[in-house]
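Structure below is upload.tsv: TSV, C-alpha atoms.
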```tsv
chain	number	residue	atom	x	y	z
O	273	MET	CA	-0.41	-9.52	-16.83
O	274	PRO	CA	2.55	-8.50	-14.64
O	275	VAL	CA	2.61	-9.11	-10.90
O	276	GLU	CA	4.48	-7.01	-8.34
O	277	PHE	CA	5.27	-7.26	-4.64
O	278	LEU	CA	5.24	-4.44	-2.10
O	279	GLY	CA	6.98	-4.72	1.26
O	280	ILE	CA	7.41	-2.33	4.16
O	281	ALA	CA	10.17	0.26	4.65
O	282	ALA	CA	9.94	0.24	8.44
O	283	THR	CA	12.28	2.58	10.27
O	284	ASN	CA	12.63	0.30	13.31
O	285	ASP	CA	12.16	-3.36	14.20
O	286	GLY	CA	8.92	-2.97	16.17
O	287	SER	CA	5.70	-4.70	15.12
O	288	GLU	CA	2.38	-5.80	16.62
O	289	THR	CA	4.22	-8.74	18.19
O	290	THR	CA	7.60	-7.23	19.08
O	291	PRO	CA	8.47	-3.98	20.88
O	292	ARG	CA	11.10	-1.98	19.05
O	293	SER	CA	14.63	-2.33	20.36
O	294	GLY	CA	15.92	1.17	19.60
O	295	ALA	CA	14.99	4.59	18.29
O	296	SER	CA	11.92	5.17	16.14
O	297	PHE	CA	14.28	5.99	13.26
O	298	ASP	CA	17.06	3.43	13.29
O	299	LYS	CA	19.21	4.16	10.22
O	300	GLU	CA	21.05	0.86	10.22
O	301	TYR	CA	17.92	-1.25	10.59
O	302	THR	CA	16.03	0.80	7.99
O	303	LEU	CA	18.76	0.17	5.42
O	304	ARG	CA	19.17	-3.49	6.39
O	305	LEU	CA	15.46	-4.17	5.97
O	306	ALA	CA	15.30	-2.37	2.62
O	307	ARG	CA	18.33	-4.28	1.34
O	308	ALA	CA	16.68	-7.55	2.36
O	309	HIS	CA	13.71	-6.61	0.17
O	310	GLU	CA	15.91	-5.58	-2.75
O	311	GLU	CA	17.99	-8.76	-2.54
O	312	HIS	CA	15.02	-11.14	-2.29
O	313	GLY	CA	12.83	-10.26	-5.23
O	314	TRP	CA	10.55	-7.50	-3.94
O	315	ASP	CA	9.63	-4.67	-6.31
O	316	ARG	CA	8.99	-1.77	-3.93
O	317	VAL	CA	8.58	-0.84	-0.28
O	318	LEU	CA	6.07	1.41	1.47
O	319	PHE	CA	7.12	4.35	3.61
O	320	ALA	CA	4.07	4.61	5.87
O	321	TYR	CA	2.76	7.75	7.57
O	322	GLY	CA	1.73	8.31	11.18
O	323	SER	CA	1.12	11.56	13.01
O	324	GLY	CA	4.03	11.05	15.41
O	325	SER	CA	6.21	8.76	13.27
O	326	PRO	CA	9.46	9.67	11.49
O	327	ASP	CA	8.87	11.72	8.34
O	328	PRO	CA	8.73	9.23	5.45
O	329	ALA	CA	10.02	11.61	2.75
O	330	PRO	CA	13.61	11.99	4.06
O	331	ALA	CA	13.58	8.29	4.97
O	332	ALA	CA	12.76	7.53	1.33
O	333	ALA	CA	15.54	9.85	0.16
O	334	TYR	CA	17.97	8.10	2.51
O	335	LEU	CA	17.21	4.69	1.00
O	336	ALA	CA	16.99	5.97	-2.58
O	337	SER	CA	20.57	7.19	-2.36
O	338	ARG	CA	21.81	3.80	-1.13
O	339	LEU	CA	19.82	1.29	-3.19
O	340	GLU	CA	19.81	0.92	-6.95
O	341	ARG	CA	16.71	-1.10	-7.88
O	342	LEU	CA	14.09	-1.04	-5.15
O	343	GLN	CA	11.12	1.19	-5.95
O	344	LEU	CA	9.63	3.54	-3.36
O	345	LEU	CA	5.99	4.06	-2.34
O	346	LEU	CA	5.70	7.22	-0.26
O	347	ALA	CA	2.60	7.69	1.88
O	348	HIS	CA	1.42	11.30	2.16
O	349	ARG	CA	-1.47	13.02	3.91
O	350	PRO	CA	-2.72	16.16	2.15
O	351	ASN	CA	-3.35	17.93	5.45
O	352	VAL	CA	0.35	18.17	6.31
O	353	SER	CA	1.58	20.40	3.48
O	354	TYR	CA	0.41	22.65	0.64
O	355	PRO	CA	0.28	20.88	-2.75
O	356	THR	CA	2.79	23.27	-4.32
O	357	PHE	CA	5.36	22.27	-1.71
O	358	ALA	CA	4.49	18.57	-1.83
O	359	ALA	CA	4.69	18.36	-5.63
O	360	LYS	CA	8.26	19.70	-5.53
O	361	THR	CA	9.18	17.26	-2.76
O	362	PHE	CA	7.87	14.33	-4.78
O	363	ALA	CA	9.58	15.42	-7.98
O	364	THR	CA	12.86	15.87	-6.10
O	365	LEU	CA	12.54	12.37	-4.62
O	366	ASP	CA	11.86	10.97	-8.07
O	367	ARG	CA	15.06	12.66	-9.23
O	368	ILE	CA	17.06	11.28	-6.28
O	369	SER	CA	15.72	7.78	-6.92
O	370	GLU	CA	16.14	8.06	-10.73
O	371	GLY	CA	12.48	7.46	-11.42
O	372	ARG	CA	11.53	4.95	-8.73
O	373	LEU	CA	8.86	6.91	-6.82
O	374	THR	CA	5.12	6.31	-6.47
O	375	VAL	CA	3.04	8.51	-4.13
O	376	HIS	CA	0.28	7.02	-1.97
O	377	PHE	CA	-2.23	9.69	-0.95
O	378	ILE	CA	-4.00	9.11	2.39
O	379	THR	CA	-7.29	10.88	3.06
O	380	GLY	CA	-7.43	9.74	6.69
O	381	GLY	CA	-10.17	7.60	8.23
O	382	ASN	CA	-9.88	8.56	11.89
O	383	ASP	CA	-10.85	12.03	13.14
O	384	HIS	CA	-8.71	11.70	16.27
O	385	GLU	CA	-5.57	10.75	14.34
O	386	GLN	CA	-6.14	13.56	11.84
O	387	GLY	CA	-6.71	16.01	14.66
O	388	ARG	CA	-3.30	15.25	16.12
O	389	GLU	CA	-1.85	17.40	13.34
O	390	GLY	CA	-4.56	20.02	13.29
O	391	ASP	CA	-6.87	18.55	10.65
O	392	THR	CA	-10.46	19.33	11.64
O	393	LEU	CA	-12.29	18.54	8.39
O	394	THR	CA	-15.00	15.89	8.28
O	395	LYS	CA	-14.38	12.68	6.38
O	396	ASP	CA	-16.39	13.81	3.34
O	397	GLU	CA	-14.56	17.14	3.34
O	398	ARG	CA	-11.24	15.30	3.51
O	399	TYR	CA	-12.11	13.26	0.42
O	400	ALA	CA	-13.02	16.42	-1.50
O	401	ARG	CA	-9.75	17.99	-0.41
O	402	THR	CA	-7.75	14.91	-1.44
O	403	ARG	CA	-9.24	14.90	-4.93
O	404	GLU	CA	-8.40	18.57	-5.38
O	405	TYR	CA	-4.92	18.02	-3.94
O	406	ILE	CA	-4.09	15.14	-6.30
O	407	ARG	CA	-5.30	17.10	-9.32
O	408	VAL	CA	-3.17	20.09	-8.34
O	409	VAL	CA	-0.09	17.91	-7.78
O	410	LYS	CA	-0.56	16.20	-11.15
O	411	LYS	CA	-0.84	19.57	-12.88
O	412	ILE	CA	2.30	20.87	-11.19
O	413	TRP	CA	4.17	17.73	-12.26
O	414	THR	CA	3.21	18.21	-15.89
O	415	THR	CA	2.96	22.00	-16.40
O	416	HIS	CA	5.95	24.07	-17.45
O	417	GLU	CA	4.20	27.44	-17.52
O	418	PRO	CA	2.96	29.47	-14.51
O	419	PHE	CA	-0.69	28.93	-13.63
O	420	ASP	CA	-3.31	30.03	-11.10
O	421	HIS	CA	-5.56	27.79	-9.04
O	422	GLU	CA	-8.81	28.80	-7.34
O	423	GLY	CA	-10.29	25.75	-5.65
O	424	GLU	CA	-12.40	24.90	-2.62
O	425	HIS	CA	-9.38	24.11	-0.46
O	426	TYR	CA	-6.37	25.63	-2.25
O	427	ARG	CA	-5.69	28.97	-3.92
O	428	PHE	CA	-2.45	30.21	-5.43
O	429	HIS	CA	-1.28	32.36	-8.33
O	430	ASP	CA	1.48	32.36	-10.93
O	431	PHE	CA	3.08	29.12	-9.74
O	432	VAL	CA	5.42	26.93	-11.74
O	433	SER	CA	7.84	24.34	-10.44
O	434	ASP	CA	11.46	24.19	-11.53
O	435	VAL	CA	11.88	20.50	-10.66
O	436	PHE	CA	10.28	17.73	-12.69
O	437	SER	CA	10.29	13.98	-12.29
O	438	VAL	CA	12.44	11.51	-14.18
O	439	GLN	CA	9.27	9.53	-14.89
O	440	GLN	CA	7.26	11.00	-17.72
O	441	PRO	CA	4.74	12.40	-17.80
O	442	ARG	CA	4.69	12.04	-13.99
O	443	PRO	CA	5.08	9.60	-11.08
O	444	LYS	CA	2.24	7.17	-10.43
O	445	VAL	CA	-0.51	7.94	-7.89
O	446	SER	CA	-1.66	5.32	-5.37
O	447	PHE	CA	-4.85	5.53	-3.32
O	448	GLY	CA	-6.87	3.29	-0.99
O	449	GLY	CA	-10.13	2.92	0.86
O	450	SER	CA	-13.30	0.85	1.09
O	451	SER	CA	-16.09	3.44	1.24
O	452	PRO	CA	-18.14	4.80	-1.68
O	453	ALA	CA	-16.35	8.14	-1.27
O	454	ALA	CA	-12.99	6.36	-1.52
O	455	TYR	CA	-14.03	4.42	-4.63
O	456	ALA	CA	-15.18	7.67	-6.26
O	457	ALA	CA	-11.97	9.57	-5.46
O	458	GLY	CA	-9.55	6.76	-6.23
O	459	GLY	CA	-11.50	5.56	-9.23
O	460	ALA	CA	-11.18	9.03	-10.70
O	461	GLU	CA	-7.55	9.82	-9.84
O	462	ALA	CA	-5.50	6.73	-8.94
O	463	ASP	CA	-3.11	4.73	-11.09
O	464	ILE	CA	-3.05	2.08	-8.34
O	465	TYR	CA	-5.98	1.32	-6.05
O	466	CYS	CA	-5.14	-0.36	-2.72
O	467	LEU	CA	-7.37	-2.73	-0.77
O	468	TRP	CA	-6.88	-4.67	2.44
O	469	GLY	CA	-7.10	-8.43	2.12
O	470	GLU	CA	-10.67	-9.72	2.35
O	471	PRO	CA	-12.33	-12.97	1.21
O	472	LEU	CA	-12.27	-13.49	-2.54
O	473	GLU	CA	-15.95	-12.74	-3.07
O	474	ARG	CA	-15.77	-9.44	-1.20
O	475	THR	CA	-12.54	-8.48	-2.95
O	476	ALA	CA	-14.17	-9.09	-6.33
O	477	GLU	CA	-17.03	-6.78	-5.30
O	478	GLN	CA	-14.58	-4.04	-4.32
O	479	ILE	CA	-12.65	-4.36	-7.57
O	480	GLU	CA	-15.89	-3.97	-9.50
O	481	ALA	CA	-16.76	-0.88	-7.43
O	482	VAL	CA	-13.39	0.71	-8.25
O	483	ARG	CA	-13.78	-0.04	-11.95
O	484	ALA	CA	-17.31	1.34	-11.98
O	485	ALA	CA	-16.09	4.52	-10.29
O	486	ALA	CA	-13.34	4.92	-12.89
O	487	LYS	CA	-15.89	4.54	-15.67
O	488	ALA	CA	-18.24	7.02	-14.00
O	489	ALA	CA	-15.36	9.52	-13.85
O	490	GLY	CA	-14.99	9.26	-17.62
O	491	ARG	CA	-11.79	7.21	-17.63
O	492	THR	CA	-11.05	4.83	-20.47
O	493	ASP	CA	-8.53	2.94	-18.33
O	494	VAL	CA	-8.85	1.51	-14.81
O	495	PRO	CA	-6.50	1.59	-11.79
O	496	ARG	CA	-4.26	-1.37	-11.17
O	497	ILE	CA	-5.42	-3.25	-8.08
O	498	GLN	CA	-3.25	-3.89	-5.02
O	499	VAL	CA	-4.30	-6.11	-2.10
O	500	ALA	CA	-2.51	-6.35	1.26
O	501	PHE	CA	-2.02	-9.34	3.58
O	502	ARG	CA	0.02	-10.45	6.59
O	503	PRO	CA	1.62	-13.76	5.50
O	504	ILE	CA	2.39	-16.42	8.11
O	505	ILE	CA	4.38	-19.22	6.48
O	506	ALA	CA	6.23	-22.34	7.65
O	507	PRO	CA	7.53	-25.56	6.06
O	508	THR	CA	4.36	-27.52	6.90
O	509	GLU	CA	0.71	-26.61	7.38
O	510	GLU	CA	0.84	-27.75	11.00
O	511	LEU	CA	3.85	-25.57	11.76
O	512	ALA	CA	2.28	-22.61	9.97
O	513	TRP	CA	-0.87	-22.81	12.08
O	514	GLU	CA	1.15	-23.22	15.27
O	515	LYS	CA	3.06	-20.08	14.26
O	516	ALA	CA	-0.21	-18.30	13.52
O	517	ARG	CA	-1.61	-19.07	16.97
O	518	ARG	CA	1.61	-17.89	18.62
O	519	THR	CA	1.41	-14.72	16.57
O	520	VAL	CA	-2.10	-13.90	17.76
O	521	GLY	CA	-1.05	-14.58	21.34
O	522	ALA	CA	1.83	-12.13	20.98
O	523	ILE	CA	-0.45	-9.53	19.37
O	524	ARG	CA	-2.88	-9.74	22.26
O	525	GLU	CA	-0.11	-9.60	24.86
O	526	LEU	CA	1.67	-6.61	23.37
O	527	GLY	CA	-1.16	-4.96	21.50
O	528	ALA	CA	-3.23	-3.86	24.47
O	529	ALA	CA	-0.57	-1.29	25.25
O	530	GLY	CA	1.16	-0.83	21.91
O	531	LEU	CA	-1.88	-0.20	19.70
O	532	LYS	CA	-3.70	2.18	22.00
O	533	ARG	CA	-1.53	5.13	21.13
O	534	ARG	CA	-1.48	4.62	17.37
O	535	HIS	CA	-4.95	3.28	16.64
O	536	ARG	CA	-7.06	3.73	19.79
O	537	THR	CA	-9.22	0.87	20.98
O	538	ASP	CA	-12.72	2.24	20.42
O	539	ALA	CA	-14.79	1.33	17.38
O	540	PRO	CA	-12.96	2.34	14.17
O	541	GLN	CA	-14.41	5.13	12.05
O	542	ASN	CA	-12.97	4.03	8.72
O	543	THR	CA	-14.96	1.67	6.52
O	544	GLY	CA	-11.99	-0.60	5.80
O	545	SER	CA	-11.47	-1.50	9.47
O	546	GLN	CA	-15.21	-1.88	10.00
O	547	ARG	CA	-15.29	-4.37	7.14
O	548	LEU	CA	-12.37	-6.34	8.58
O	549	ILE	CA	-14.08	-6.59	11.97
O	550	ALA	CA	-17.38	-7.68	10.43
O	551	ILE	CA	-15.61	-10.35	8.36
O	552	ALA	CA	-13.78	-11.62	11.45
O	553	GLU	CA	-17.03	-11.78	13.42
O	554	ALA	CA	-18.63	-13.81	10.63
O	555	GLY	CA	-15.83	-16.37	10.45
O	556	GLU	CA	-12.20	-17.08	11.22
O	557	ARG	CA	-11.14	-18.86	8.01
O	558	TYR	CA	-12.05	-18.13	4.40
O	559	ASP	CA	-11.14	-19.52	1.02
O	560	ARG	CA	-7.77	-21.25	0.71
O	561	ALA	CA	-5.74	-19.60	3.48
O	562	LEU	CA	-7.31	-16.31	4.69
O	563	TRP	CA	-7.35	-16.07	8.50
O	564	THR	CA	-9.10	-13.20	10.31
O	565	ALA	CA	-7.91	-13.80	13.89
O	566	THR	CA	-5.04	-11.34	13.43
O	567	ALA	CA	-7.47	-8.63	12.33
O	568	ALA	CA	-9.76	-9.39	15.26
O	569	ALA	CA	-6.85	-9.17	17.69
O	570	THR	CA	-5.93	-5.67	16.48
O	571	GLY	CA	-9.48	-4.35	16.16
O	572	GLY	CA	-9.14	-4.21	12.38
O	573	ALA	CA	-6.15	-1.91	12.59
O	574	GLY	CA	-4.78	-1.45	9.08
O	575	ASN	CA	-3.53	-4.32	6.98
O	576	SER	CA	-4.23	-7.17	9.39
O	577	ASN	CA	-5.82	-10.23	7.73
O	578	ALA	CA	-3.35	-13.10	7.39
O	579	LEU	CA	-2.63	-15.78	4.80
O	580	VAL	CA	-1.51	-18.91	6.66
O	581	GLY	CA	0.19	-22.03	5.32
O	582	THR	CA	3.20	-23.39	3.53
O	583	PRO	CA	4.82	-21.24	0.85
O	584	GLU	CA	2.97	-23.30	-1.74
O	585	THR	CA	-0.41	-22.73	-0.06
O	586	VAL	CA	0.16	-19.00	0.36
O	587	ALA	CA	1.38	-18.67	-3.22
O	588	GLN	CA	-1.74	-20.43	-4.51
O	589	ALA	CA	-3.90	-18.18	-2.34
O	590	LEU	CA	-2.26	-15.11	-3.88
O	591	LEU	CA	-2.86	-16.55	-7.34
O	592	ASP	CA	-6.57	-16.84	-6.49
O	593	TYR	CA	-6.56	-13.05	-6.06
O	594	TYR	CA	-4.47	-12.64	-9.20
O	595	ASP	CA	-7.27	-14.42	-11.05
O	596	LEU	CA	-9.63	-11.68	-9.85
O	597	GLY	CA	-7.43	-9.01	-11.45
O	598	VAL	CA	-5.02	-8.18	-8.60
O	599	GLU	CA	-1.62	-7.18	-9.98
O	600	ILE	CA	0.20	-5.94	-6.86
O	601	PHE	CA	0.51	-7.83	-3.57
O	602	SER	CA	1.42	-6.00	-0.39
O	603	ALA	CA	2.84	-8.40	2.21
O	604	ARG	CA	4.30	-7.72	5.62
O	605	GLY	CA	5.15	-10.32	8.22
O	606	TYR	CA	5.33	-9.84	11.97
O	607	ASP	CA	9.09	-10.39	12.17
O	608	LEU	CA	9.77	-7.68	9.61
O	609	LEU	CA	13.26	-8.69	8.52
O	610	ASP	CA	13.15	-12.49	8.67
O	611	ASP	CA	9.65	-12.67	7.19
O	612	ALA	CA	10.64	-10.38	4.31
O	613	ILE	CA	13.53	-12.71	3.52
O	614	ASP	CA	11.47	-15.89	3.82
O	615	PHE	CA	8.58	-14.55	1.75
O	616	GLY	CA	11.03	-13.36	-0.89
O	617	ARG	CA	12.83	-16.68	-1.00
O	618	TYR	CA	9.93	-19.09	-0.87
O	619	VAL	CA	6.70	-17.39	-1.99
O	620	ILE	CA	7.55	-14.71	-4.55
O	621	PRO	CA	9.35	-17.10	-6.95
O	622	LEU	CA	6.39	-19.51	-6.92
O	623	VAL	CA	3.93	-16.76	-7.79
O	624	ARG	CA	6.14	-15.26	-10.49
O	625	GLU	CA	6.76	-18.66	-12.08
O	626	GLU	CA	3.07	-19.50	-12.24
O	627	VAL	CA	2.14	-16.06	-13.59
O	628	ALA	CA	4.83	-16.32	-16.27
O	629	GLY	CA	3.53	-19.75	-17.24
O	630	ARG	CA	-0.02	-18.48	-17.52
O	631	ASP	CA	1.06	-15.48	-19.58
O	632	ALA	CA	3.06	-17.73	-21.92
O	633	GLY	CA	0.07	-20.04	-22.28
O	634	ARG	CA	-2.22	-17.15	-23.14
O	635	ALA	CA	0.27	-15.80	-25.66
O	636	ALA	CA	0.61	-19.22	-27.28
O	637	GLY	CA	-3.16	-19.59	-27.39
O	638	GLY	CA	-3.48	-16.22	-29.06
O	639	SER	CA	-0.86	-17.17	-31.64
O	640	ARG	CA	-2.66	-20.42	-32.40
O	641	SER	CA	-5.94	-18.56	-32.80
O	642	LEU	CA	-4.37	-16.12	-35.25
O	643	ALA	CA	-2.83	-19.01	-37.17
O	644	ALA	CA	-6.23	-20.67	-37.38
O	645	VAL	CA	-7.76	-17.48	-38.74
O	646	GLY	CA	-5.01	-17.29	-41.35
O	647	GLU	CA	-5.78	-20.81	-42.46
```

Full structure transcribed into structure tokens:
Amino acid sequence: MPVEFLGIAATNDGSETTPRSGASFDKEYTLRLARAHEEHGWDRVLFAYGSGSPDPAPAAAYLASRLERLQLLLAHRPNVSYPTFAAKTFATLDRISEGRLTVHFITGGNDHEQGREGDTLTKDERYARTREYIRVVKKIWTTHEPFDHEGEHYRFHDFVSDVFSVQQPRPKVSFGGSSPAAYAAGGAEADIYCLWGEPLERTAEQIEAVRAAAKAAGRTDVPRIQVAFRPIIAPTEELAWEKARRTVGAIRELGAAGLKRRHRTDAPQNTGSQRLIAIAEAGERYDRALWTATAAATGGAGNSNALVGTPETVAQALLDYYDLGVEIFSARGYDLLDDAIDFGRYVIPLVREEVAGRDAGRAAGGSRSLAAVGE
């Protein structure tokens, strides 16, 4: 089964360990970082969304017009625009990128962050709205005749778009979350389901929950699974762990001020962050290389569990998740540019080589089995 790698399309050089050196949208850095991903074996990059951050859609268009291969994952919150408008934006971006767009729909797990842009719905109401929104967008992408819609959250009449995607029948839909409501929504609507990195046993449980939700929704297929980590690699195990400890020290030093604005420091409302905190409280190290100290230092803010070790150790850890059914790995270091280059040079080739070998072995085994039947 194929394996893909997702990096970050950051618009500045700031991270949990490093204050940004310029504007929030630094054109030169944005392009430099994206080119580093394209040149070092990554498949796509994520354009994240924050209430006060640069708009990811024009940032994606900017990179799409300057890069030829790198695929684009655009994060979008349904509360910020009507689905008729958003569907046209996405289709236009897919045209600009010549079929390289995937859209990641964010329901929103924090009432305060959602309220910054006027969203006052409860979490359950947001999930219901997201499901309706995705269905409307999909219909707009694939319908060439005017239609009406009378839903709980959206109503419009006689609408038809005049812009359609290069990808047919439509761009892919990405979705994430760790609550039952998230599994139900994403299991029903997503082509790709995104999880934050947790211990193998817990990840297997989440994958099963997503698949069960897809089956309950009447699907005959299941979403592809993506899992996200913060890799910390070095030439030796000792150096990797020294780097990891320095990283946590820098997070704690900078994070007290830097994370307050974006994530707040009170107890998180979203289930994913609650899970990360509970896992960190139960233990610091899991499985082959999973380390929770980075998640603990940020209060479970977003993708924050690390994989620590040599490139070989981290590659083998990723393959452990691949064995569970994970096909897409999201990885973002703390030095965004240098870590993207190092991960692309030293980890991605190891994983791809092993996956190719396994696929070839399975294919050969299948051929031998068929030959035996013929005998």

Which one of O:Pro418, O:Gly324, O:Gly448, O:Gly390 sits closest to O:Phe377 if you count only C-alpha atoms?
->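 The answer is O:Gly448, which sits nearest to O:Phe377.
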
Please measure the separation of atom CA of O:Thr570 and atom CA of O:Arg403, giving the value in Å to one decimal.
->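 Going from atom CA of O:Thr570 over to atom CA of O:Arg403 covers 29.9 Å.
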
One-decimal distance in Å that lies between atom CA of O:Leu562 and atom CA of O:Ala589 = 8.0 Å

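Straight-line separation from atom CA of O:Arg316 to atom CA of O:Gly380: 22.7 Å.
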
Contacts of O:Ala550 within 12 Å, all atoms listed in the file, excl. fewer than 6 positions in-chain, as a list in words |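 Contacts, with the query itself left out: Glu470, Pro471, Arg474, Ala539, Pro540, Thr543, Gly544, Glu556, Thr564, Ala565, Ala567, Ala568, Gly571 and Gly572 of chain O.
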
Keeping only C-alpha atoms, write the selected residues as a PDB file, in the coordinates of the input.
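The resulting file, part_23.pdb, is reproduced below:
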```pdb
ATOM      1  CA  GLU O 470     -10.670  -9.720   2.350  1.00  0.00           C
ATOM      2  CA  PRO O 471     -12.330 -12.970   1.210  1.00  0.00           C
ATOM      3  CA  ARG O 474     -15.770  -9.440  -1.200  1.00  0.00           C
ATOM      4  CA  ALA O 539     -14.790   1.330  17.380  1.00  0.00           C
ATOM      5  CA  PRO O 540     -12.960   2.340  14.170  1.00  0.00           C
ATOM      6  CA  THR O 543     -14.960   1.670   6.520  1.00  0.00           C
ATOM      7  CA  GLY O 544     -11.990  -0.600   5.800  1.00  0.00           C
ATOM      8  CA  GLU O 556     -12.200 -17.080  11.220  1.00  0.00           C
ATOM      9  CA  THR O 564      -9.100 -13.200  10.310  1.00  0.00           C
ATOM     10  CA  ALA O 565      -7.910 -13.800  13.890  1.00  0.00           C
ATOM     11  CA  ALA O 567      -7.470  -8.630  12.330  1.00  0.00           C
ATOM     12  CA  ALA O 568      -9.760  -9.390  15.260  1.00  0.00           C
ATOM     13  CA  GLY O 571      -9.480  -4.350  16.160  1.00  0.00           C
ATOM     14  CA  GLY O 572      -9.140  -4.210  12.380  1.00  0.00           C
TER      15      GLY O 572
END
```

Point (-8.2, 11.8, 0.0), cut-off 12 Å, counting all atoms listed in the file, residues as an MDAnalysis selection string = chainID O and resid 347:351 376:381 393:407 445:449 451 453:462

Give me the stretch 345-428 of chain O side of the contact with stretch 333-341 of chain O, cut-off 7 Å, one line per residue showing its nearest atom pair and distance in Å at one decimal, counting all atoms listed in the file, sorted by chain and residue number, as a tab-separated table.
```
residue	atom	partner	partner_atom	distance
O:Leu365	CA	O:Ala333	CA	6.2
O:Ile368	CA	O:Ala336	CA	6.5
O:Ser369	CA	O:Ala336	CA	4.9
```

Expected file contents, prior selection, C-alpha atoms, as a PDB file, keeping the file's coordinate frame:
```pdb
ATOM      1  CA  LEU O 365      12.540  12.370  -4.620  1.00  0.00           C
ATOM      2  CA  ILE O 368      17.060  11.280  -6.280  1.00  0.00           C
ATOM      3  CA  SER O 369      15.720   7.780  -6.920  1.00  0.00           C
TER       4      SER O 369
END
```

Compute the distance from (9.6, 13.8, -8.5) to each atom, counting only C-alpha atoms, keep the residues with any atom at most 12 Å away, and return them as JSON, numbers by chain; use the coordinates of the file.
-> {"O": [329, 333, 344, 346, 357, 358, 359, 360, 361, 362, 363, 364, 365, 366, 367, 368, 369, 370, 371, 372, 373, 374, 375, 409, 410, 412, 413, 414, 433, 434, 435, 436, 437, 438, 439, 440, 441, 442, 443, 444, 445]}

Expected file: the selected residues, C-alpha atoms, as a compact mmCIF listing (two decimals), in the coordinates of the input:
```txt
# COMPACT_ATOMS: atom_id res chain seq x y z
CA ALA O 329 10.02 11.61 2.75
CA ALA O 333 15.54 9.85 0.16
CA LEU O 344 9.63 3.54 -3.36
CA LEU O 346 5.70 7.22 -0.26
CA PHE O 357 5.36 22.27 -1.71
CA ALA O 358 4.49 18.57 -1.83
CA ALA O 359 4.69 18.36 -5.63
CA LYS O 360 8.26 19.70 -5.53
CA THR O 361 9.18 17.26 -2.76
CA PHE O 362 7.87 14.33 -4.78
CA ALA O 363 9.58 15.42 -7.98
CA THR O 364 12.86 15.87 -6.10
CA LEU O 365 12.54 12.37 -4.62
CA ASP O 366 11.86 10.97 -8.07
CA ARG O 367 15.06 12.66 -9.23
CA ILE O 368 17.06 11.28 -6.28
CA SER O 369 15.72 7.78 -6.92
CA GLU O 370 16.14 8.06 -10.73
CA GLY O 371 12.48 7.46 -11.42
CA ARG O 372 11.53 4.95 -8.73
CA LEU O 373 8.86 6.91 -6.82
CA THR O 374 5.12 6.31 -6.47
CA VAL O 375 3.04 8.51 -4.13
CA VAL O 409 -0.09 17.91 -7.78
CA LYS O 410 -0.56 16.20 -11.15
CA ILE O 412 2.30 20.87 -11.19
CA TRP O 413 4.17 17.73 -12.26
CA THR O 414 3.21 18.21 -15.89
CA SER O 433 7.84 24.34 -10.44
CA ASP O 434 11.46 24.19 -11.53
CA VAL O 435 11.88 20.50 -10.66
CA PHE O 436 10.28 17.73 -12.69
CA SER O 437 10.29 13.98 -12.29
CA VAL O 438 12.44 11.51 -14.18
CA GLN O 439 9.27 9.53 -14.89
CA GLN O 440 7.26 11.00 -17.72
CA PRO O 441 4.74 12.40 -17.80
CA ARG O 442 4.69 12.04 -13.99
CA PRO O 443 5.08 9.60 -11.08
CA LYS O 444 2.24 7.17 -10.43
CA VAL O 445 -0.51 7.94 -7.89
```

Residue neighbourhood O:Gly597, 9 Å, all atoms listed in the file, exclusion window fewer than 2 positions, as a list in words = Met273, Ala476, Ile479, Arg496, Ile497, Tyr593, Tyr594, Asp595 and Glu599 of chain O

Do a neighbour search on O:Arg524 at 9 Å with all atoms listed in the file, toss out local chain neighbours closer than 6 positions, and write the hits as a ChimeraX atom specification.
-> /O:288-289,569-570

With all atoms listed in the file as the basis for distance, which of O:Gln478, O:Asn382, O:Thr392, O:Gln343 is at the shortest distance from O:Gly574?
->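 Under the stated criterion, the closest residue is O:Asn382.
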
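For O:Thr585, the list of residues within 12 Å, based on only C-alpha atoms and with local chain neighbours fewer than 3 positions off taken out, reads Pro503, Ile504, Ile505, Ala506, Pro507, Thr508, Glu509, Ala512, Asp559, Arg560, Ala561, Leu562, Leu579, Val580, Gly581, Thr582, Gln588, Ala589, Leu590, Leu591, Asp592, Tyr618, Val619, Leu622 and Val623 of chain O.
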
With C-alpha atoms retained, export the selected residues as a short mmCIF file (atom, residue, chain, number, x, y, z; two decimals), in the coordinates of the input.
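Generated file (result.cif):
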```
data_model
loop_
_atom_site.label_atom_id
_atom_site.label_comp_id
_atom_site.auth_asym_id
_atom_site.auth_seq_id
_atom_site.Cartn_x
_atom_site.Cartn_y
_atom_site.Cartn_z
CA PRO O 503 1.62 -13.76 5.50
CA ILE O 504 2.39 -16.42 8.11
CA ILE O 505 4.38 -19.22 6.48
CA ALA O 506 6.23 -22.34 7.65
CA PRO O 507 7.53 -25.56 6.06
CA THR O 508 4.36 -27.52 6.90
CA GLU O 509 0.71 -26.61 7.38
CA ALA O 512 2.28 -22.61 9.97
CA ASP O 559 -11.14 -19.52 1.02
CA ARG O 560 -7.77 -21.25 0.71
CA ALA O 561 -5.74 -19.60 3.48
CA LEU O 562 -7.31 -16.31 4.69
CA LEU O 579 -2.63 -15.78 4.80
CA VAL O 580 -1.51 -18.91 6.66
CA GLY O 581 0.19 -22.03 5.32
CA THR O 582 3.20 -23.39 3.53
CA GLN O 588 -1.74 -20.43 -4.51
CA ALA O 589 -3.90 -18.18 -2.34
CA LEU O 590 -2.26 -15.11 -3.88
CA LEU O 591 -2.86 -16.55 -7.34
CA ASP O 592 -6.57 -16.84 -6.49
CA TYR O 618 9.93 -19.09 -0.87
CA VAL O 619 6.70 -17.39 -1.99
CA LEU O 622 6.39 -19.51 -6.92
CA VAL O 623 3.93 -16.76 -7.79
#
```
